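So this one's data.pdb, PDB, C-alpha atoms:
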ATOM      1  CA  ASP M1130      31.148  36.015  12.075  1.00  0.00           C
ATOM      2  CA  LEU M1131      27.996  34.097  13.045  1.00  0.00           C
ATOM      3  CA  ALA M1132      29.882  31.237  14.664  1.00  0.00           C
ATOM      4  CA  LYS M1133      31.812  33.635  16.888  1.00  0.00           C
ATOM      5  CA  ASN M1134      28.853  35.767  17.937  1.00  0.00           C
ATOM      6  CA  CYS M1135      26.502  33.053  19.230  1.00  0.00           C
ATOM      7  CA  ARG M1136      26.379  29.459  20.380  1.00  0.00           C
ATOM      8  CA  VAL M1137      25.722  27.324  17.307  1.00  0.00           C
ATOM      9  CA  HIS M1138      25.442  23.564  16.768  1.00  0.00           C
ATOM     10  CA  PRO M1139      28.389  22.366  14.605  1.00  0.00           C
ATOM     11  CA  THR M1140      26.040  21.472  11.726  1.00  0.00           C
ATOM     12  CA  HIS M1141      24.494  24.923  11.786  1.00  0.00           C
ATOM     13  CA  ARG M1142      27.942  26.509  11.894  1.00  0.00           C
ATOM     14  CA  LEU M1143      28.743  24.580   8.712  1.00  0.00           C
ATOM     15  CA  ILE M1144      25.654  25.736   6.822  1.00  0.00           C
ATOM     16  CA  SER M1145      26.043  29.311   8.062  1.00  0.00           C
ATOM     17  CA  THR M1146      29.239  29.392   6.022  1.00  0.00           C
ATOM     18  CA  GLN M1147      27.288  28.204   2.946  1.00  0.00           C
ATOM     19  CA  VAL M1148      24.255  30.483   3.307  1.00  0.00           C
ATOM     20  CA  ASP M1149      25.166  34.178   3.427  1.00  0.00           C
ATOM     21  CA  ARG M1150      22.937  35.789   6.089  1.00  0.00           C
ATOM     22  CA  ALA M1151      23.880  39.219   4.734  1.00  0.00           C
ATOM     23  CA  ALA M1152      22.143  38.341   1.442  1.00  0.00           C
ATOM     24  CA  PHE M1153      18.826  38.226   3.332  1.00  0.00           C
ATOM     25  CA  ALA M1154      19.429  41.308   5.505  1.00  0.00           C
ATOM     26  CA  PRO M1155      17.841  44.682   4.694  1.00  0.00           C
ATOM     27  CA  ALA M1156      19.923  46.661   2.220  1.00  0.00           C
ATOM     28  CA  GLY M1157      22.444  48.894   3.943  1.00  0.00           C
ATOM     29  CA  HIS M1158      22.564  46.792   7.109  1.00  0.00           C
ATOM     30  CA  ASP M1159      25.172  44.202   6.135  1.00  0.00           C
ATOM     31  CA  ASP M1160      27.376  45.309   9.025  1.00  0.00           C
ATOM     32  CA  ARG M1161      24.723  44.159  11.513  1.00  0.00           C
ATOM     33  CA  ALA M1162      23.809  40.906   9.785  1.00  0.00           C
ATOM     34  CA  PHE M1163      25.972  38.701  12.004  1.00  0.00           C
ATOM     35  CA  ASP M1164      25.190  40.252  15.372  1.00  0.00           C
ATOM     36  CA  ASP M1165      23.338  37.834  17.651  1.00  0.00           C
ATOM     37  CA  ALA M1166      20.339  40.145  17.703  1.00  0.00           C
ATOM     38  CA  PRO M1167      17.191  40.607  15.618  1.00  0.00           C
ATOM     39  CA  LEU M1168      17.467  42.917  12.628  1.00  0.00           C
ATOM     40  CA  ARG M1169      14.486  44.811  11.221  1.00  0.00           C
ATOM     41  CA  ALA M1170      14.404  47.701   8.756  1.00  0.00           C
ATOM     42  CA  ALA M1171      12.416  49.116   5.857  1.00  0.00           C
ATOM     43  CA  GLU M1172      13.982  48.613   2.441  1.00  0.00           C
ATOM     44  CA  ALA M1173      13.191  51.145  -0.263  1.00  0.00           C
ATOM     45  CA  ALA M1174      14.279  48.951  -3.187  1.00  0.00           C
ATOM     46  CA  SER M1175      11.875  46.103  -2.404  1.00  0.00           C
ATOM     47  CA  GLY M1176       9.187  48.244  -0.798  1.00  0.00           C
ATOM     48  CA  CYS M1177       8.889  46.059   2.279  1.00  0.00           C
ATOM     49  CA  VAL M1178      10.039  45.712   5.858  1.00  0.00           C
ATOM     50  CA  VAL M1179      12.667  42.981   6.202  1.00  0.00           C
ATOM     51  CA  HIS M1180      13.147  41.174   9.498  1.00  0.00           C
ATOM     52  CA  LEU M1181      15.709  38.597  10.596  1.00  0.00           C
ATOM     53  CA  SER M1182      15.539  36.903  13.972  1.00  0.00           C
ATOM     54  CA  ALA M1183      18.714  36.551  16.025  1.00  0.00           C
ATOM     55  CA  PRO M1184      21.015  33.779  14.752  1.00  0.00           C
ATOM     56  CA  SER M1185      20.692  31.956  18.081  1.00  0.00           C
ATOM     57  CA  ILE M1186      16.908  31.723  17.583  1.00  0.00           C
ATOM     58  CA  TYR M1187      17.383  30.120  14.157  1.00  0.00           C
ATOM     59  CA  ALA M1188      19.919  27.711  15.648  1.00  0.00           C
ATOM     60  CA  ALA M1189      17.444  26.723  18.376  1.00  0.00           C
ATOM     61  CA  ALA M1190      14.649  26.231  15.826  1.00  0.00           C
ATOM     62  CA  LEU M1191      16.774  24.103  13.500  1.00  0.00           C
ATOM     63  CA  GLU M1192      17.936  21.946  16.385  1.00  0.00           C
ATOM     64  CA  ALA M1193      14.346  21.507  17.616  1.00  0.00           C
ATOM     65  CA  LEU M1194      13.247  20.520  14.113  1.00  0.00           C
ATOM     66  CA  GLY M1195      15.969  17.866  14.061  1.00  0.00           C
ATOM     67  CA  LEU M1196      17.125  18.752  10.556  1.00  0.00           C
ATOM     68  CA  ASP M1197      20.711  17.909  11.465  1.00  0.00           C
ATOM     69  CA  GLU M1198      19.563  14.289  11.820  1.00  0.00           C
ATOM     70  CA  VAL M1199      18.440  14.001   8.195  1.00  0.00           C
ATOM     71  CA  SER M1200      21.578  12.216   6.996  1.00  0.00           C
ATOM     72  CA  ARG M1201      20.922   9.434   9.495  1.00  0.00           C
ATOM     73  CA  TRP M1202      17.475   8.674   8.077  1.00  0.00           C
ATOM     74  CA  ARG M1203      18.623   8.378   4.465  1.00  0.00           C
ATOM     75  CA  ARG M1204      15.359   9.767   3.190  1.00  0.00           C
ATOM     76  CA  GLN M1205      14.166  13.114   1.974  1.00  0.00           C
ATOM     77  CA  LEU M1206      11.903  15.209   4.170  1.00  0.00           C
ATOM     78  CA  SER M1207       9.208  17.649   3.103  1.00  0.00           C
ATOM     79  CA  PHE M1208       9.307  21.126   4.651  1.00  0.00           C
ATOM     80  CA  LEU M1209       6.707  23.894   5.066  1.00  0.00           C
ATOM     81  CA  ASN M1210       7.521  27.418   6.249  1.00  0.00           C
ATOM     82  CA  LEU M1211       4.457  29.448   7.308  1.00  0.00           C
ATOM     83  CA  GLY M1212       5.093  33.180   7.475  1.00  0.00           C
ATOM     84  CA  SER M1213       8.414  32.680   5.735  1.00  0.00           C
ATOM     85  CA  GLY M1214       9.440  36.365   5.630  1.00  0.00           C
ATOM     86  CA  SER M1215      12.912  36.894   4.184  1.00  0.00           C
ATOM     87  CA  GLY M1216      13.335  33.168   3.488  1.00  0.00           C
ATOM     88  CA  TYR M1217      16.542  32.884   5.537  1.00  0.00           C
ATOM     89  CA  LEU M1218      15.312  30.021   7.751  1.00  0.00           C
ATOM     90  CA  SER M1219      14.257  28.117   4.638  1.00  0.00           C
ATOM     91  CA  ALA M1220      17.687  28.684   3.117  1.00  0.00           C
ATOM     92  CA  LEU M1221      19.320  27.136   6.193  1.00  0.00           C
ATOM     93  CA  ALA M1222      16.813  24.277   6.177  1.00  0.00           C
ATOM     94  CA  ALA M1223      17.392  23.608   2.473  1.00  0.00           C
ATOM     95  CA  ALA M1224      21.147  23.428   3.043  1.00  0.00           C
ATOM     96  CA  LEU M1225      20.540  20.715   5.624  1.00  0.00           C
ATOM     97  CA  LEU M1226      17.813  18.843   3.739  1.00  0.00           C
ATOM     98  CA  GLY M1227      19.685  18.660   0.452  1.00  0.00           C
ATOM     99  CA  GLU M1228      18.388  18.647  -3.104  1.00  0.00           C
ATOM    100  CA  GLY M1229      15.135  17.099  -4.311  1.00  0.00           C
ATOM    101  CA  CYS M1230      12.954  17.883  -1.285  1.00  0.00           C
ATOM    102  CA  VAL M1231       9.437  19.317  -1.369  1.00  0.00           C
ATOM    103  CA  HIS M1232       9.944  22.708   0.279  1.00  0.00           C
ATOM    104  CA  VAL M1233       7.187  25.340   0.379  1.00  0.00           C
ATOM    105  CA  CYS M1234       7.261  28.865   1.829  1.00  0.00           C
ATOM    106  CA  VAL M1235       3.983  30.698   2.479  1.00  0.00           C
ATOM    107  CA  GLU M1236       4.284  34.476   2.849  1.00  0.00           C
ATOM    108  CA  LEU M1237       1.393  36.982   2.866  1.00  0.00           C
ATOM    109  CA  ASP M1238       3.338  40.116   1.883  1.00  0.00           C
ATOM    110  CA  ALA M1239       3.661  40.066  -1.919  1.00  0.00           C
ATOM    111  CA  ALA M1240       6.760  42.302  -2.012  1.00  0.00           C
ATOM    112  CA  LEU M1241       8.497  40.245   0.659  1.00  0.00           C
ATOM    113  CA  ALA M1242       7.573  37.001  -1.104  1.00  0.00           C
ATOM    114  CA  ALA M1243       9.046  38.334  -4.367  1.00  0.00           C
ATOM    115  CA  ARG M1244      12.208  39.466  -2.576  1.00  0.00           C
ATOM    116  CA  SER M1245      12.756  36.113  -0.861  1.00  0.00           C
ATOM    117  CA  ARG M1246      12.035  34.228  -4.088  1.00  0.00           C
ATOM    118  CA  ALA M1247      14.702  36.254  -5.916  1.00  0.00           C
ATOM    119  CA  THR M1248      17.260  35.850  -3.108  1.00  0.00           C
ATOM    120  CA  LEU M1249      16.758  32.090  -2.865  1.00  0.00           C
ATOM    121  CA  ALA M1250      16.972  31.705  -6.642  1.00  0.00           C
ATOM    122  CA  ALA M1251      20.201  33.707  -6.824  1.00  0.00           C
ATOM    123  CA  LEU M1252      21.885  31.655  -4.098  1.00  0.00           C
ATOM    124  CA  GLY M1253      20.522  28.463  -5.664  1.00  0.00           C
ATOM    125  CA  ARG M1254      22.499  29.216  -8.792  1.00  0.00           C
ATOM    126  CA  GLY M1255      25.636  29.375  -6.656  1.00  0.00           C
ATOM    127  CA  PRO M1256      26.806  27.696  -3.467  1.00  0.00           C
ATOM    128  CA  VAL M1257      23.572  25.999  -2.339  1.00  0.00           C
ATOM    129  CA  PRO M1258      21.793  24.254  -5.270  1.00  0.00           C
ATOM    130  CA  ALA M1259      19.096  22.913  -2.905  1.00  0.00           C
ATOM    131  CA  LEU M1260      17.659  26.441  -2.711  1.00  0.00           C
ATOM    132  CA  ARG M1261      16.342  25.956  -6.228  1.00  0.00           C
ATOM    133  CA  ASP M1262      13.800  23.496  -4.793  1.00  0.00           C
ATOM    134  CA  VAL M1263      12.216  26.096  -2.506  1.00  0.00           C
ATOM    135  CA  GLN M1264       8.818  27.281  -3.753  1.00  0.00           C
ATOM    136  CA  VAL M1265       7.587  30.633  -2.403  1.00  0.00           C
ATOM    137  CA  VAL M1266       3.803  31.102  -2.440  1.00  0.00           C
ATOM    138  CA  CYS M1267       2.171  34.458  -1.722  1.00  0.00           C
ATOM    139  CA  ALA M1268      -0.732  33.593   0.579  1.00  0.00           C
ATOM    140  CA  SER M1269      -1.851  33.610   4.199  1.00  0.00           C
ATOM    141  CA  ALA M1270      -0.836  30.748   6.471  1.00  0.00           C
ATOM    142  CA  PHE M1271      -4.525  30.517   7.339  1.00  0.00           C
ATOM    143  CA  ASP M1272      -5.415  29.898   3.682  1.00  0.00           C
ATOM    144  CA  VAL M1273      -3.730  26.494   3.665  1.00  0.00           C
ATOM    145  CA  ASP M1274      -6.475  23.857   3.513  1.00  0.00           C
ATOM    146  CA  LEU M1275      -5.882  21.566   6.477  1.00  0.00           C
ATOM    147  CA  ASP M1276      -7.833  18.707   4.900  1.00  0.00           C
ATOM    148  CA  LEU M1277      -6.761  18.906   1.255  1.00  0.00           C
ATOM    149  CA  SER M1278      -3.125  19.925   1.662  1.00  0.00           C
ATOM    150  CA  MET M1279      -0.319  17.396   1.513  1.00  0.00           C
ATOM    151  CA  LYS M1280       1.180  16.621   4.913  1.00  0.00           C
ATOM    152  CA  PHE M1281       4.741  17.620   5.799  1.00  0.00           C
ATOM    153  CA  ASP M1282       7.566  16.065   7.795  1.00  0.00           C
ATOM    154  CA  ARG M1283       8.707  19.405   9.193  1.00  0.00           C
ATOM    155  CA  ILE M1284       6.992  22.779   9.612  1.00  0.00           C
ATOM    156  CA  TYR M1285       8.357  26.101  10.819  1.00  0.00           C
ATOM    157  CA  VAL M1286       6.063  28.986  11.779  1.00  0.00           C
ATOM    158  CA  GLY M1287       7.947  32.243  11.294  1.00  0.00           C
ATOM    159  CA  ALA M1288       5.626  34.648  13.103  1.00  0.00           C
ATOM    160  CA  GLY M1289       3.729  34.683  16.373  1.00  0.00           C
ATOM    161  CA  ALA M1290       0.509  32.666  16.630  1.00  0.00           C
ATOM    162  CA  ARG M1291      -2.127  31.831  19.227  1.00  0.00           C
ATOM    163  CA  HIS M1292      -1.706  28.762  21.416  1.00  0.00           C
ATOM    164  CA  GLY M1293      -4.570  26.991  19.655  1.00  0.00           C
ATOM    165  CA  ASP M1294      -2.834  27.490  16.304  1.00  0.00           C
ATOM    166  CA  ALA M1295      -0.145  25.007  17.370  1.00  0.00           C
ATOM    167  CA  ARG M1296      -2.606  22.151  16.996  1.00  0.00           C
ATOM    168  CA  ARG M1297      -4.285  23.785  14.006  1.00  0.00           C
ATOM    169  CA  PHE M1298      -1.069  23.960  11.988  1.00  0.00           C
ATOM    170  CA  GLY M1299      -0.039  20.633  13.500  1.00  0.00           C
ATOM    171  CA  ARG M1300      -2.747  19.004  11.406  1.00  0.00           C
ATOM    172  CA  LEU M1301      -0.479  19.628   8.407  1.00  0.00           C
ATOM    173  CA  LEU M1302       2.127  17.260   9.864  1.00  0.00           C
ATOM    174  CA  LYS M1303       2.666  13.639   8.980  1.00  0.00           C
ATOM    175  CA  PRO M1304       2.665  11.200  11.919  1.00  0.00           C
ATOM    176  CA  ASP M1305       5.906  11.704  13.866  1.00  0.00           C
ATOM    177  CA  GLY M1306       6.335  15.039  12.096  1.00  0.00           C
ATOM    178  CA  ARG M1307       7.593  18.103  13.976  1.00  0.00           C
ATOM    179  CA  LEU M1308       6.503  21.731  13.963  1.00  0.00           C
ATOM    180  CA  VAL M1309       8.433  24.546  15.630  1.00  0.00           C
ATOM    181  CA  GLY M1310       7.292  28.135  16.056  1.00  0.00           C
ATOM    182  CA  PRO M1311       6.467  31.007  18.434  1.00  0.00           C
ATOM    183  CA  PHE M1312       3.096  30.535  20.148  1.00  0.00           C
ATOM    184  CA  GLU M1313       1.374  32.474  22.889  1.00  0.00           C
ATOM    185  CA  ASP M1314       0.851  31.092  26.370  1.00  0.00           C
ATOM    186  CA  ASP M1315      -2.335  29.110  26.948  1.00  0.00           C
ATOM    187  CA  PHE M1316      -4.428  31.557  28.945  1.00  0.00           C
ATOM    188  CA  GLU M1317      -8.070  32.636  28.820  1.00  0.00           C
ATOM    189  CA  PRO M1318      -9.427  35.229  28.529  1.00  0.00           C
ATOM    190  CA  ARG M1319      -6.784  36.543  26.162  1.00  0.00           C
ATOM    191  CA  PRO M1320      -6.097  40.279  26.682  1.00  0.00           C
ATOM    192  CA  PRO M1321      -6.286  42.566  23.609  1.00  0.00           C
ATOM    193  CA  TRP M1322      -2.547  43.311  23.828  1.00  0.00           C
ATOM    194  CA  GLY M1323      -1.643  39.636  23.529  1.00  0.00           C
ATOM    195  CA  LEU M1324       0.267  37.197  25.700  1.00  0.00           C
ATOM    196  CA  PRO M1325       3.909  36.183  26.195  1.00  0.00           C
ATOM    197  CA  GLN M1326       5.252  33.782  23.570  1.00  0.00           C
ATOM    198  CA  ALA M1327       7.432  30.699  23.723  1.00  0.00           C
ATOM    199  CA  LEU M1328       9.136  28.691  21.010  1.00  0.00           C
ATOM    200  CA  LEU M1329       7.184  25.431  20.962  1.00  0.00           C
ATOM    201  CA  ARG M1330       7.971  22.076  19.399  1.00  0.00           C
ATOM    202  CA  VAL M1331       4.838  20.223  18.321  1.00  0.00           C
ATOM    203  CA  THR M1332       5.080  16.523  17.459  1.00  0.00           C
ATOM    204  CA  ARG M1333       2.190  14.732  15.788  1.00  0.00           C
ATOM    205  CA  LEU M1334       1.762  11.317  17.355  1.00  0.00           C
ATOM    206  CA  HIS M1335       0.386   8.146  15.822  1.00  0.00           C
ATOM    207  CA  ALA M1336      -3.257   8.178  16.910  1.00  0.00           C
ATOM    208  CA  LEU M1337      -6.520   6.359  16.373  1.00  0.00           C
ATOM    209  CA  GLU M1338      -8.237   7.146  13.092  1.00  0.00           C
ATOM    210  CA  GLY M1339     -10.207  10.366  13.301  1.00  0.00           C
ATOM    211  CA  PHE M1340      -8.314  11.711  16.302  1.00  0.00           C
ATOM    212  CA  ASP M1341      -5.301  14.038  16.316  1.00  0.00           C
ATOM    213  CA  GLU M1342      -2.817  13.761  19.166  1.00  0.00           C
ATOM    214  CA  PHE M1343       0.066  16.148  19.681  1.00  0.00           C
ATOM    215  CA  GLU M1344       2.929  16.478  22.100  1.00  0.00           C
ATOM    216  CA  LEU M1345       3.889  20.071  22.911  1.00  0.00           C
ATOM    217  CA  ASP M1346       7.302  21.011  24.327  1.00  0.00           C
ATOM    218  CA  ASP M1347       8.037  24.528  25.574  1.00  0.00           C
ATOM    219  CA  LEU M1348      11.601  25.362  24.477  1.00  0.00           C
ATOM    220  CA  LEU M1349      12.391  28.988  25.323  1.00  0.00           C
ATOM    221  CA  PRO M1350      10.727  32.411  25.668  1.00  0.00           C
ATOM    222  CA  VAL M1351      10.660  34.501  22.483  1.00  0.00           C
ATOM    223  CA  GLN M1352       8.822  37.501  21.052  1.00  0.00           C
ATOM    224  CA  PHE M1353       7.867  37.570  17.362  1.00  0.00           C
ATOM    225  CA  SER M1354       5.621  39.805  15.284  1.00  0.00           C
ATOM    226  CA  ASN M1355       2.196  38.218  14.874  1.00  0.00           C
ATOM    227  CA  LEU M1356       0.743  36.420  11.883  1.00  0.00           C
ATOM    228  CA  VAL M1357      -2.041  38.417  10.256  1.00  0.00           C
ATOM    229  CA  ARG M1358      -5.288  36.641  11.047  1.00  0.00           C
ATOM    230  CA  PRO M1359      -8.118  36.458   8.490  1.00  0.00           C
ATOM    231  CA  ALA M1360     -11.046  38.857   8.687  1.00  0.00           C
ATOM    232  CA  GLY M1361     -13.819  37.418  10.822  1.00  0.00           C
ATOM    233  CA  ASP M1362     -11.484  35.217  12.843  1.00  0.00           C
ATOM    234  CA  ASP M1363     -12.909  34.697  16.322  1.00  0.00           C
ATOM    235  CA  ASP M1364      -9.713  35.998  17.863  1.00  0.00           C
ATOM    236  CA  GLY M1365      -8.946  38.367  15.035  1.00  0.00           C
ATOM    237  CA  ASP M1366      -8.257  41.503  17.019  1.00  0.00           C
ATOM    238  CA  ASP M1367      -4.550  41.684  16.136  1.00  0.00           C
ATOM    239  CA  ASP M1368      -2.930  44.372  14.083  1.00  0.00           C
ATOM    240  CA  GLY M1369      -0.049  42.020  13.349  1.00  0.00           C
ATOM    241  CA  ASP M1370       2.615  42.572  10.730  1.00  0.00           C
ATOM    242  CA  ASP M1371       2.198  41.110   7.258  1.00  0.00           C
ATOM    243  CA  ASP M1372       5.677  39.697   7.204  1.00  0.00           C
ATOM    244  CA  GLY M1373       7.114  36.669   8.893  1.00  0.00           C
ATOM    245  CA  ASP M1374      10.234  36.854  11.009  1.00  0.00           C
ATOM    246  CA  ASP M1375      12.429  34.641   8.860  1.00  0.00           C
TER     247      ASP M1375
END
Output the file's structure as structure tokens, nothing else.
Amino acid sequence: DLAKNCRVHPTHRLISTQVDRAAFAPAGHDDRAFDDAPLRAAEAASGCVVHLSAPSIYAAALEALGLDEVSRWRRQLSFLNLGSGSGYLSALAAALLGEGCVHVCVELDAALAARSRATLAALGRGPVPALRDVQVVCASAFDVDLDLSMKFDRIYVGAGARHGDARRFGRLLKPDGRLVGPFEDDFEPRPPWGLPQALLRVTRLHALEGFDEFELDDLLPVQFSNLVRPAGDDDGDDDGDDDGDD
């Protein structure tokens, strides 16, 4: 099982027994769902490509987000998942956050958004009621209004982004909020084929009014499919996948 095939924090081992990873895997690939390796395949029934990152990557992201510390704070946290893909990371997060939290997934691929919405709803009627609180929105991560949107305690970015996007999406954090996701190295000029990625933790600091300050921590090297950038974006020369890597 998952706990045997990779190194997992005890809290994540507990929720991995509550949230069935196989339910989020591409149809016909249940036998590979618990390998500590990424899983990606086209699925005829849903009409989309489904991707799951390796379980160890999810464990690292959850630990970096500090969701296992929620019970200590005795307060509910809001959660945003940009490029939410299959919805598996959000399912794990919901199991840790508990019921009654504001939890929003943003996924560009309409078929993938519908699939994840149905999977989360089905599991929410069973072993993990908190999954009923997860709202899946079909939209681009770049469509979220940085000024008008509510701010979140925790954010996960489920697909590769540019280094500058770390601070861009970081503007959606509350003070002391954390964002974790795969971002490219900070290097200019950026080559057309892209740059190596690392899983970053971005913390929004308390700052003077009108100024945003962030602390960036490089956690480990990763390689994710890229977020689709909007037409006309200054760096919009990617042919990235529509779907997130969750």
Shell around region 1255-1262 of chain M at 7 Å using only C-alpha atoms, local window under 5 positions removed, as a count of residues only:
12
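Going from CA of Leu1209 (chain M) to CA of Asp1282 (chain M) covers 8.3 Å.
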Do you know which residues the PyMOL selection byres ((chain M and resi 1344) around 9) returns on this file, as a PyMOL selection string?
chain M and resi 1330-1334+1342-1343+1345-1346
Could you jot down the CA of Leu1168 (chain M) to CA of Ala1152 (chain M) separation for me, Å, one decimal place?
13.0 Å
For the file shown, report as a short mmCIF file (atom, residue, chain, number, x, y, z; two decimals) with C-alpha atoms, keeping the file's coordinate frame the outcome of the PyMOL selection byres ((chain M and resi 1166) around 7) at residue level.
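File out_27.cif, as written:
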data_model
loop_
_atom_site.label_atom_id
_atom_site.label_comp_id
_atom_site.auth_asym_id
_atom_site.auth_seq_id
_atom_site.Cartn_x
_atom_site.Cartn_y
_atom_site.Cartn_z
CA ASP M 1164 25.19 40.25 15.37
CA ASP M 1165 23.34 37.83 17.65
CA PRO M 1167 17.19 40.61 15.62
CA LEU M 1168 17.47 42.92 12.63
CA SER M 1182 15.54 36.90 13.97
CA ALA M 1183 18.71 36.55 16.02
#
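Using all atoms listed in the file, the contacts of His1158 (chain M) at a cut-off of 10 Å, with sequence neighbours closer than 3 positions omitted, comprise Ala1151, Ala1154, Pro1155, Arg1161, Ala1162, Leu1168, Arg1169, Ala1170 and Glu1172 of chain M.
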Between M:Glu1236, M:Asp1149, M:Asp1341, M:Asp1375, which has the minimum distance to Phe1353 (chain M) (counting only C-alpha atoms)?
M:Asp1375
Using all atoms listed in the file, determine which residues lie at most 12 Å from region 1300-1305 of chain M, disregarding the query and same-chain residues fewer than 3 positions distant; provide the list as a count of residues only.
46
For each of M:Leu1225, M:Leu1181, M:Ala1193, M:Arg1150, take the minimum atom-to-atom distance to Arg1307 (chain M), counting only C-alpha atoms, then give the residue where this is smallest.
M:Ala1193
Just the number, please: distance in Å from CA of Asp1314 (chain M) to CA of His1292 (chain M), one decimal.
6.0 Å
Around all of region 1280-1293 of chain M's listed atoms, make the axis-aligned box with 4 Å on each side and tell me centre and edge lengths in Å to one decimal, as JSON.
{"center_x": 2.1, "center_y": 25.4, "center_z": 13.2, "size_x": 21.3, "size_y": 26.6, "size_z": 24.5}
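For the residues M:Val1235, M:Ala1268, M:Leu1252, M:Leu1329, ranking by smallest atom-to-atom distance to Leu1221 (chain M) using only C-alpha atoms places M:Leu1252 first.
When the PyMOL selection byres ((chain M and resi 1349) around 9) is evaluated on the file shown here, the picked residues come out as Ala1189, Gln1326, Ala1327, Leu1328, Leu1329, Asp1347, Leu1348, Pro1350 and Val1351 of chain M.
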Please provide the set of residues having any atom within 10 Å of Ala1156 (chain M), restricted to only C-alpha atoms, with same-chain residues fewer than 6 positions apart removed, written as a PyMOL selection string.
chain M and resi 1170-1175+1179
Best match for closeness to Val1265 (chain M) among M:Pro1184, M:Gly1310, M:Gly1287, M:Gly1216, counting only C-alpha atoms
M:Gly1216
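Comparing M:Ser1219, M:Cys1234, M:Gly1253, M:Ser1354 by their smallest distance to Ala1190 (chain M), the closest is M:Ser1219 (using all atoms listed in the file).
In terms of minimum interatomic distance to Thr1146 (chain M), M:Phe1163 ranks closest within M:Arg1319, M:Leu1324, M:Ala1239, M:Phe1163, counting all atoms listed in the file.
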